[in-house]
$ cat final.tsv   # TSV, C-alpha atoms
chain	number	residue	atom	x	y	z
U	203	MET	CA	122.47	111.90	120.37
U	204	ILE	CA	119.32	110.42	121.93
U	205	GLN	CA	119.78	106.71	122.56
U	206	SER	CA	117.40	104.26	120.85
U	207	ASP	CA	115.77	103.19	124.12
U	208	GLN	CA	115.18	106.86	125.05
U	209	THR	CA	113.72	107.54	121.60
U	210	GLU	CA	111.35	104.60	121.96
U	211	SER	CA	110.28	105.75	125.41
U	212	PHE	CA	109.49	109.28	124.17
U	213	VAL	CA	107.52	107.90	121.23
U	214	ARG	CA	105.57	105.42	123.38
U	215	LYS	CA	104.58	108.10	125.89
U	216	ARG	CA	103.55	110.66	123.28
U	217	TYR	CA	101.56	108.23	121.18
U	218	GLY	CA	100.04	106.66	124.26
U	219	ALA	CA	98.69	110.10	125.14
U	220	GLY	CA	97.64	110.55	121.51
U	221	ALA	CA	95.43	107.48	121.79
U	222	ILE	CA	93.53	109.08	124.69
U	223	ALA	CA	93.20	112.60	123.27
U	224	ARG	CA	93.88	113.79	119.72
U	225	GLU	CA	97.16	115.66	119.15
U	226	SER	CA	97.22	117.68	115.93
U	227	LYS	CA	101.02	117.96	115.68
U	228	LEU	CA	101.43	114.22	115.13
U	229	CYS	CA	100.07	114.13	111.59
U	230	CYS	CA	99.74	115.79	108.18
U	231	PRO	CA	96.37	116.48	106.56
U	232	VAL	CA	95.45	113.40	104.47
U	233	ASP	CA	92.37	112.80	102.34
U	234	TYR	CA	91.09	109.24	102.79
U	235	ALA	CA	88.28	107.66	100.77
U	236	GLU	CA	85.07	108.64	102.55
U	237	GLY	CA	83.41	105.37	101.58
U	238	PHE	CA	85.89	103.39	103.66
U	239	LEU	CA	85.80	105.78	106.61
U	240	LYS	CA	82.05	105.30	107.06
U	241	ALA	CA	82.61	101.85	108.55
U	242	ILE	CA	85.24	103.08	111.04
U	243	PRO	CA	84.27	104.53	114.45
U	244	ARG	CA	85.09	108.24	114.85
U	245	GLU	CA	87.32	107.50	117.85
U	246	VAL	CA	89.68	105.59	115.54
U	247	VAL	CA	89.64	108.19	112.78
U	248	GLU	CA	90.32	111.09	115.12
U	249	ARG	CA	93.12	109.43	117.10
U	250	ASP	CA	95.05	107.84	114.29
U	251	TYR	CA	98.04	109.73	112.88
U	252	GLY	CA	99.69	109.60	109.48
U	253	CYS	CA	101.01	111.47	106.45
U	254	GLY	CA	99.72	109.42	103.52
U	255	ASP	CA	97.41	106.62	102.44
U	256	PRO	CA	99.28	103.45	101.42
U	257	SER	CA	96.00	101.49	101.52
U	258	GLN	CA	94.98	102.89	98.12
U	259	TYR	CA	97.70	100.78	96.48
U	260	LEU	CA	96.45	97.45	97.85
U	261	ARG	CA	94.54	94.76	95.94
U	262	GLU	CA	91.84	92.25	96.75
U	263	GLY	CA	92.94	89.05	98.48
U	264	GLU	CA	96.33	90.27	99.72
U	265	VAL	CA	97.85	89.56	103.13
U	266	VAL	CA	98.95	92.90	104.58
U	267	VAL	CA	101.00	94.03	107.57
U	268	ASP	CA	100.65	97.62	108.79
U	269	LEU	CA	103.67	98.80	110.77
U	270	GLY	CA	102.87	101.14	113.63
U	271	SER	CA	99.15	100.55	113.16
U	272	GLY	CA	98.08	102.86	115.99
U	273	THR	CA	94.33	102.88	116.57
U	274	GLY	CA	93.86	100.93	113.35
U	275	LYS	CA	92.59	103.36	110.71
U	276	ILE	CA	94.79	102.12	107.86
U	277	CYS	CA	94.14	98.51	108.90
U	278	PHE	CA	90.38	99.01	108.81
U	279	ILE	CA	90.57	100.73	105.41
U	280	ALA	CA	92.86	97.97	104.13
U	281	ALA	CA	90.43	95.33	105.42
U	282	GLN	CA	87.80	96.69	103.05
U	283	VAL	CA	90.21	96.92	100.11
U	284	VAL	CA	91.58	93.36	100.38
U	285	GLY	CA	88.12	91.97	101.14
U	286	SER	CA	87.06	88.83	102.95
U	287	LYS	CA	89.66	86.72	101.13
U	288	GLY	CA	92.49	88.96	102.35
U	289	LYS	CA	93.98	89.50	105.78
U	290	VAL	CA	95.38	92.51	107.65
U	291	ILE	CA	97.77	92.42	110.63
U	292	GLY	CA	98.47	95.59	112.58
U	293	VAL	CA	101.70	95.83	114.60
U	294	ASP	CA	102.15	98.44	117.31
U	295	MET	CA	104.12	98.70	120.58
U	296	THR	CA	101.80	101.13	122.39
U	297	ASP	CA	99.27	99.54	124.74
U	298	GLU	CA	96.89	102.50	124.58
U	299	MET	CA	96.79	102.40	120.77
U	300	LEU	CA	96.28	98.63	120.73
U	301	GLU	CA	93.42	98.91	123.22
U	302	VAL	CA	91.53	101.34	120.98
U	303	ALA	CA	92.19	99.27	117.85
U	304	ARG	CA	91.17	95.95	119.40
U	305	ARG	CA	88.07	97.39	121.03
U	306	ASN	CA	86.86	98.77	117.69
U	307	ALA	CA	87.77	95.77	115.51
U	308	PRO	CA	84.48	93.88	116.20
U	309	ILE	CA	82.50	97.04	115.39
U	310	VAL	CA	84.21	97.40	112.00
U	311	ALA	CA	83.80	93.67	111.31
U	312	GLU	CA	80.06	93.88	111.93
U	313	ARG	CA	79.71	96.91	109.67
U	314	ILE	CA	81.63	95.45	106.72
U	315	GLY	CA	80.28	91.91	107.14
U	316	TYR	CA	83.47	89.96	107.85
U	317	SER	CA	86.45	89.87	110.23
U	318	ASN	CA	89.91	89.89	108.66
U	319	VAL	CA	91.95	92.17	110.97
U	320	GLU	CA	94.06	91.39	114.02
U	321	PHE	CA	96.45	93.49	116.08
U	322	ARG	CA	99.76	92.26	117.51
U	323	LYS	CA	102.14	93.92	119.95
U	324	GLY	CA	105.66	94.34	118.68
U	325	ARG	CA	108.40	96.75	117.67
U	326	ILE	CA	108.46	97.40	113.95
U	327	GLN	CA	112.26	97.05	113.83
U	328	ASP	CA	111.95	93.58	115.43
U	329	LEU	CA	108.99	91.90	113.76
U	330	ALA	CA	110.05	88.48	114.99
U	331	LEU	CA	109.56	89.22	118.71
U	332	ASP	CA	106.00	88.92	120.06
U	333	LEU	CA	106.05	91.31	123.03
U	334	GLU	CA	102.87	89.96	124.59
U	335	LEU	CA	104.20	86.42	124.46
U	336	LEU	CA	107.46	87.63	126.00
U	337	ASP	CA	105.49	89.40	128.76
U	338	ARG	CA	103.64	86.20	129.61
U	339	GLU	CA	106.85	84.20	129.80
U	340	LEU	CA	108.61	86.81	131.94
U	341	LYS	CA	105.75	86.78	134.46
U	342	LYS	CA	106.57	83.12	135.02
U	343	LYS	CA	110.27	83.90	135.40
U	344	PRO	CA	110.68	87.56	136.48
U	345	ILE	CA	114.00	89.37	136.03
U	346	ALA	CA	115.56	89.60	139.48
U	347	ASP	CA	119.32	89.56	138.88
U	348	ALA	CA	121.98	89.54	136.18
U	349	ALA	CA	121.54	85.83	135.51
U	350	SER	CA	117.80	86.15	134.94
U	351	PHE	CA	118.40	89.23	132.76
U	352	LEU	CA	120.68	87.21	130.49
U	353	ALA	CA	118.19	84.35	130.52
U	354	ALA	CA	115.46	86.76	129.40
U	355	ASP	CA	117.60	87.80	126.47
U	356	GLU	CA	118.03	84.13	125.50
U	357	LEU	CA	114.28	83.62	125.89
U	358	ALA	CA	113.55	86.50	123.53
U	359	GLU	CA	115.82	85.00	120.90
U	360	GLU	CA	114.15	81.61	121.28
U	361	LEU	CA	110.71	83.19	120.82
U	362	ARG	CA	111.91	84.98	117.67
U	363	VAL	CA	112.86	81.63	116.17
U	364	LYS	CA	110.09	79.34	117.42
U	365	HIS	CA	107.13	81.73	117.71
U	366	PRO	CA	107.78	84.76	115.47
U	367	LEU	CA	105.37	87.67	115.61
U	368	ILE	CA	105.49	87.79	111.79
U	369	ALA	CA	106.97	84.78	109.99
U	370	SER	CA	109.53	85.14	107.21
U	371	ASP	CA	108.27	85.15	103.60
U	372	SER	CA	104.62	85.28	104.69
U	373	ILE	CA	103.30	88.72	103.67
U	374	ASP	CA	102.15	90.10	100.31
U	375	VAL	CA	102.39	93.80	101.22
U	376	VAL	CA	103.93	95.74	104.10
U	377	VAL	CA	102.44	99.19	104.57
U	378	SER	CA	103.23	101.95	107.02
U	379	ASN	CA	101.97	105.48	107.55
U	380	CYS	CA	104.39	108.01	109.07
U	381	VAL	CA	106.07	105.62	111.50
U	382	LEU	CA	109.47	104.58	110.13
U	383	ASN	CA	110.95	107.99	111.00
U	384	LEU	CA	110.15	107.35	114.69
U	385	VAL	CA	112.62	104.45	114.92
U	386	GLY	CA	116.05	105.28	116.34
U	387	SER	CA	118.88	105.93	113.89
U	388	LYS	CA	120.85	102.84	114.93
U	389	SER	CA	117.83	100.60	114.34
U	390	LYS	CA	116.74	101.92	110.95
U	391	GLY	CA	118.85	99.44	108.98
U	392	GLN	CA	117.35	96.56	110.97
U	393	LEU	CA	113.89	98.00	110.32
U	394	PHE	CA	114.26	97.82	106.53
U	395	ASP	CA	115.82	94.35	106.80
U	396	GLU	CA	112.78	93.19	108.78
U	397	ILE	CA	110.36	94.56	106.19
U	398	PHE	CA	112.29	92.61	103.56
U	399	ARG	CA	112.37	89.43	105.68
U	400	VAL	CA	108.64	89.10	106.23
U	401	LEU	CA	107.67	89.72	102.59
U	402	LYS	CA	107.10	86.85	100.20
U	403	LYS	CA	109.23	86.69	97.07
U	404	GLY	CA	107.36	88.97	94.70
U	405	GLY	CA	105.88	90.94	97.60
U	406	ARG	CA	106.20	94.67	98.03
U	407	ALA	CA	106.41	97.48	100.55
U	408	VAL	CA	104.23	100.59	100.21
U	409	ILE	CA	105.42	103.13	102.75
U	410	SER	CA	104.22	106.67	103.45
U	411	ASP	CA	106.62	108.66	105.60
U	412	ILE	CA	108.20	112.03	106.30
U	413	VAL	CA	111.53	112.81	104.63
U	414	SER	CA	113.80	115.86	104.71
U	415	ASP	CA	115.43	117.77	101.87
U	416	GLU	CA	118.66	118.18	103.89
U	417	GLU	CA	120.48	116.18	106.54
U	418	VAL	CA	119.00	116.77	110.00
U	419	PRO	CA	121.69	118.23	112.32
U	420	ALA	CA	122.60	116.54	115.59
U	421	GLU	CA	121.03	119.22	117.79
U	422	MET	CA	117.65	118.62	116.15
U	423	GLN	CA	118.04	114.85	116.48
U	424	ASN	CA	118.59	115.37	120.20
U	425	ASP	CA	115.26	117.16	120.52
U	426	ALA	CA	112.79	114.56	121.85
U	427	GLU	CA	109.81	116.73	120.95
U	428	LEU	CA	110.90	117.01	117.31
U	429	TRP	CA	111.77	113.30	117.12
U	430	SER	CA	108.50	112.03	118.52
U	431	GLY	CA	106.73	114.59	116.34
U	432	CYS	CA	107.88	112.86	113.12
U	433	VAL	CA	110.48	115.51	112.30
U	434	SER	CA	114.06	114.99	113.41
U	435	GLY	CA	114.14	111.22	112.84
U	436	ALA	CA	113.39	111.65	109.15
U	437	LEU	CA	115.76	110.31	106.52
U	438	THR	CA	116.63	112.50	103.57
U	439	GLU	CA	114.73	111.86	100.35
U	440	GLU	CA	117.80	110.17	98.85
U	441	GLY	CA	118.55	108.29	102.09
U	442	PHE	CA	115.02	106.91	102.27
U	443	LEU	CA	115.28	105.40	98.78
U	444	ALA	CA	118.79	104.14	99.50
U	445	ALA	CA	117.57	102.33	102.63
U	446	PHE	CA	115.23	100.21	100.50
U	447	GLU	CA	118.00	99.49	98.02
U	448	ASN	CA	120.46	98.51	100.76
U	449	ALA	CA	117.92	96.03	102.16
U	450	GLY	CA	117.72	94.24	98.79
U	451	PHE	CA	114.60	95.75	97.25
U	452	TYR	CA	114.26	96.50	93.53
U	453	GLY	CA	111.83	98.48	91.37
U	454	ILE	CA	111.85	101.28	93.94
U	455	GLN	CA	109.75	104.26	92.92
U	456	ILE	CA	108.13	107.37	94.34
U	457	LEU	CA	104.35	106.96	94.07
U	458	LYS	CA	103.56	110.32	95.65
U	459	ARG	CA	105.58	113.31	96.82
U	460	ASP	CA	103.97	116.35	98.42
U	461	ALA	CA	105.09	119.49	96.61
U	462	GLN	CA	104.59	121.60	99.72
U	463	PRO	CA	106.48	120.71	102.91
U	464	TRP	CA	104.49	119.64	105.96
U	465	ARG	CA	106.85	121.57	108.25
U	466	THR	CA	109.99	123.64	107.84
U	467	VAL	CA	112.40	123.70	110.78
U	468	GLN	CA	115.63	125.74	110.70
U	469	GLY	CA	115.30	126.00	106.92
U	470	ILE	CA	114.97	122.22	106.44
U	471	GLU	CA	111.82	121.08	104.65
U	472	PHE	CA	109.97	118.00	105.88
U	473	ARG	CA	107.40	116.51	103.51
U	474	SER	CA	105.41	113.34	102.95
U	475	VAL	CA	106.37	110.78	100.31
U	476	THR	CA	104.96	107.36	99.46
U	477	ILE	CA	107.42	104.76	98.18
U	478	GLU	CA	106.83	101.36	96.59
U	479	ALA	CA	109.57	98.72	96.55
U	480	PHE	CA	109.60	95.05	95.54
U	481	LYS	CA	111.25	91.88	96.84
U	482	GLY	CA	112.27	89.12	94.46
U	483	LYS	CA	115.41	89.76	92.44
U	484	GLN	CA	117.42	87.31	94.54
U	485	GLY	CA	118.43	83.99	92.98
U	486	ALA	CA	120.62	82.43	90.32
U	487	CYS	CA	120.86	83.71	86.72
U	488	PHE	CA	120.33	81.33	83.78
U	489	GLU	CA	120.69	81.74	80.02
U	490	ARG	CA	117.55	80.99	77.98
U	491	ASN	CA	118.30	83.16	74.92
U	492	GLN	CA	115.74	85.81	75.89
U	493	ALA	CA	116.01	89.48	75.01
U	494	VAL	CA	114.39	92.76	76.01
U	495	ILE	CA	114.10	96.09	74.21
U	496	TYR	CA	113.75	99.29	76.22
U	497	ARG	CA	110.92	101.32	74.65
U	498	GLY	CA	111.85	104.77	75.96
U	499	PRO	CA	111.10	107.63	76.46
U	500	PHE	CA	114.58	108.21	77.89
U	501	LYS	CA	117.61	107.64	75.68
U	502	GLU	CA	118.97	105.13	78.20
U	503	VAL	CA	118.22	103.69	81.64
U	504	LEU	CA	120.19	102.02	84.42
U	505	ASP	CA	118.44	99.24	86.35
U	506	ASP	CA	118.97	98.08	89.94
U	507	ASP	CA	121.62	95.56	88.82
U	508	ASN	CA	123.63	98.23	86.96
U	509	HIS	CA	122.50	97.09	83.50
U	510	ARG	CA	122.61	100.15	81.25
U	511	MET	CA	120.22	99.91	78.29
U	512	GLU	CA	119.75	102.28	75.37
U	513	ARG	CA	116.34	102.86	73.85
U	514	GLY	CA	115.43	100.52	70.97
U	515	LYS	CA	118.35	98.10	71.31
U	516	ARG	CA	117.99	94.38	71.93
U	517	TYR	CA	119.70	93.24	75.15
U	518	ALA	CA	120.53	89.81	76.51
U	519	VAL	CA	119.07	89.15	79.96
U	520	CYS	CA	118.90	86.16	82.24
U	521	ASP	CA	115.63	84.30	82.82
U	522	LYS	CA	115.18	85.92	86.24
U	523	THR	CA	115.55	89.46	84.92
U	524	TYR	CA	113.36	88.67	81.91
U	525	ASN	CA	110.51	87.60	84.19
U	526	LEU	CA	111.02	90.51	86.58
U	527	TYR	CA	110.73	92.97	83.71
U	528	LYS	CA	107.41	91.37	82.74
U	529	LYS	CA	105.96	92.46	86.10
U	530	ALA	CA	105.21	95.82	87.70
U	531	PRO	CA	106.77	98.34	87.76
U	532	TYR	CA	108.80	97.56	84.60
U	533	ARG	CA	106.47	95.82	82.15
U	534	ASP	CA	105.17	98.95	80.39
U	535	PHE	CA	108.69	100.05	79.43
U	536	PHE	CA	109.95	96.94	77.60
U	537	GLU	CA	109.33	94.72	74.59
U	538	PHE	CA	109.98	91.02	75.22
U	539	VAL	CA	111.60	88.69	72.69
U	540	ASP	CA	111.14	84.98	73.32
U	541	PRO	CA	113.47	82.43	71.68
U	542	ILE	CA	112.12	80.42	68.74
U	543	LEU	CA	113.23	77.23	70.49
U	544	ASP	CA	112.55	77.18	74.22
U	545	VAL	CA	115.51	76.38	76.46
U	546	PRO	CA	114.17	74.35	79.44
U	547	LEU	CA	115.28	75.86	82.72
U	548	ALA	CA	116.73	72.50	83.79
U	549	GLN	CA	119.06	72.62	80.75
U	550	ALA	CA	119.90	76.32	80.94
U	551	LYS	CA	123.50	77.35	81.52
U	552	PRO	CA	124.57	80.03	84.02
U	553	PHE	CA	124.27	83.62	82.80
U	554	ASP	CA	126.81	86.30	83.70
U	555	CYS	CA	124.67	89.17	85.05
U	556	SER	CA	127.71	91.32	85.84
U	557	ARG	CA	127.81	92.47	82.21
U	558	THR	CA	125.36	94.14	79.86
U	559	ALA	CA	125.46	92.77	76.32
U	560	LEU	CA	123.46	93.16	73.15
U	561	ARG	CA	121.60	90.09	71.93
U	562	HIS	CA	122.03	89.32	68.23
U	563	PRO	CA	118.72	88.20	66.71
U	564	LYS	CA	120.37	84.94	65.65
U	565	GLU	CA	120.84	84.01	69.30
U	566	THR	CA	117.10	84.25	69.87
U	567	LYS	CA	116.00	82.71	66.56
U	568	GLY	CA	118.78	80.11	66.36
U	569	GLN	CA	121.90	80.19	64.20
U	570	ASP	CA	120.36	77.89	61.57
U	571	TYR	CA	117.04	79.73	61.32
U	572	LYS	CA	116.28	80.21	57.57
U	573	ALA	CA	112.49	80.60	57.45
U	574	THR	CA	110.86	82.69	54.69
U	575	ARG	CA	107.31	83.91	55.21
U	576	GLU	CA	104.71	85.85	53.24
U	577	ALA	CA	103.60	89.24	54.50
U	578	ASN	CA	101.16	89.21	57.42
U	579	SER	CA	97.74	89.88	55.90
U	580	LYS	CA	96.44	91.37	59.15
U	581	CYS	CA	98.98	94.15	58.81
U	582	CYS	CA	97.77	95.33	55.40
U	583	ASP	CA	94.06	94.55	55.62
U	584	GLY	CA	93.02	97.56	57.62
U	585	GLY	CA	96.07	97.42	59.86
U	586	GLY	CA	97.46	100.64	58.50
U	587	CYS	CA	101.09	99.54	58.00
U	588	CYS	CA	101.18	99.33	54.17
$ encode --input "final.tsv" --output "structure tokens"
Amino acid sequence: MIQSDQTESFVRKRYGAGAIARESKLCCPVDYAEGFLKAIPREVVERDYGCGDPSQYLREGEVVVDLGSGTGKICFIAAQVVGSKGKVIGVDMTDEMLEVARRNAPIVAERIGYSNVEFRKGRIQDLALDLELLDRELKKKPIADAASFLAADELAEELRVKHPLIASDSIDVVVSNCVLNLVGSKSKGQLFDEIFRVLKKGGRAVISDIVSDEEVPAEMQNDAELWSGCVSGALTEEGFLAAFENAGFYGIQILKRDAQPWRTVQGIEFRSVTIEAFKGKQGACFERNQAVIYRGPFKEVLDDDNHRMERGKRYAVCDKTYNLYKKAPYRDFFEFVDPILDVPLAQAKPFDCSRTALRHPKETKGQDYKATREANSKCCDGGGCC
């Protein structure tokens, strides 16, 4: 198996060359919005590589990080989507790619009328370590022996804590375009943990990448050409979704999946998918007598906390789950039942989220609720329910 440092070296060399001259085997054909491309120099467009367009899922005013930003195409598109009130940070480890991106950033800023993009040097599986800051510090204290090597390791850890490349809980959306598969197998878990770390509570990841329909055999993983070409480092479709789940994300869904594979190698299909996943289900559970009703169309569903709900039934949920369901991607699939008498959060008792239970209407209305009301006139006067 290729070691992680060898994998990174192959990737850096190949993409460094790809910043100087276009290499067709590094990307899938992707249709980007022509209106956004007009503001981006052709050098950037031709030497940027990807397999999808996560920028189309962004919104105005968001703070965005693009992992493996390359020459900056997705960053420059995102800059126009989030607008002058938003911000875009590109992270890449390849000097040649960063040079192209930084050189063209002022040109894009002038064309769109504002500057909201910056590029930082770092490894996407270690978003806390600012590599340029580390370089500057090591020039002051070069590595000359074992003692200085160990000191450099301590320095890197200090920089991660005191001067992080990307701070924890600071980003609205993390995007990436055909880069996660390039990270070594042993570092992939750390990569997803880092994406989760930098996102704000309520933030999300929108990732386009290459996945396989079967496990990639060891001999293919040992092929540096296939690895750096976005093939043999791919996770399986199921493994890609599981990686988000293992990192703590919820609401994970496939936004786009190419029906046709990009490449087929030894019978294994490699295709582009775009995944969205949310951060924010962490925290305590409290009872506020709320209920939700799953609308359908499936007879039953199982959520990320193993709550199994049948269509049309009223279920007890904690305040945290109730509010999560009111947001994307769940809100269109549920009816929400508020209690007649509000239970202040400060007075709410703990809720046992390990179980799934039906909520009797009396729990929501109150045991002593005896109101009698006339028929709603809006329903019969042209409402069509009588």
$ atom_distance --input "final.tsv" --atom1 "CA of Asp255 in chain U" --atom2 "CA of Arg459 in chain U"
12.0 Å
$ atom_distance --input "final.tsv" --atom1 "CA of Phe536 in chain U" --atom2 "CA of Leu560 in chain U"
14.7 Å
$ atom_distance --input "final.tsv" --atom1 "CA of Glu334 in chain U" --atom2 "CA of Gly292 in chain U"
14.0 Å
$ residues_around --input "final.tsv" --residues "Ile409 in chain U" --least-positions-apart "3" --cutoff "7 Å" --atoms "all atoms listed in the file" --output "ChimeraX atom specification"
/U:256,377-379,476-478
$ residues_around --input "final.tsv" --residues "Ala486 in chain U" --least-positions-apart "3" --cutoff "10 Å" --atoms "all atoms listed in the file" --output "list in words"
Lys483, Cys520, Asp521, Lys522, Pro552, Phe553, Asp554 and Cys555 of chain U
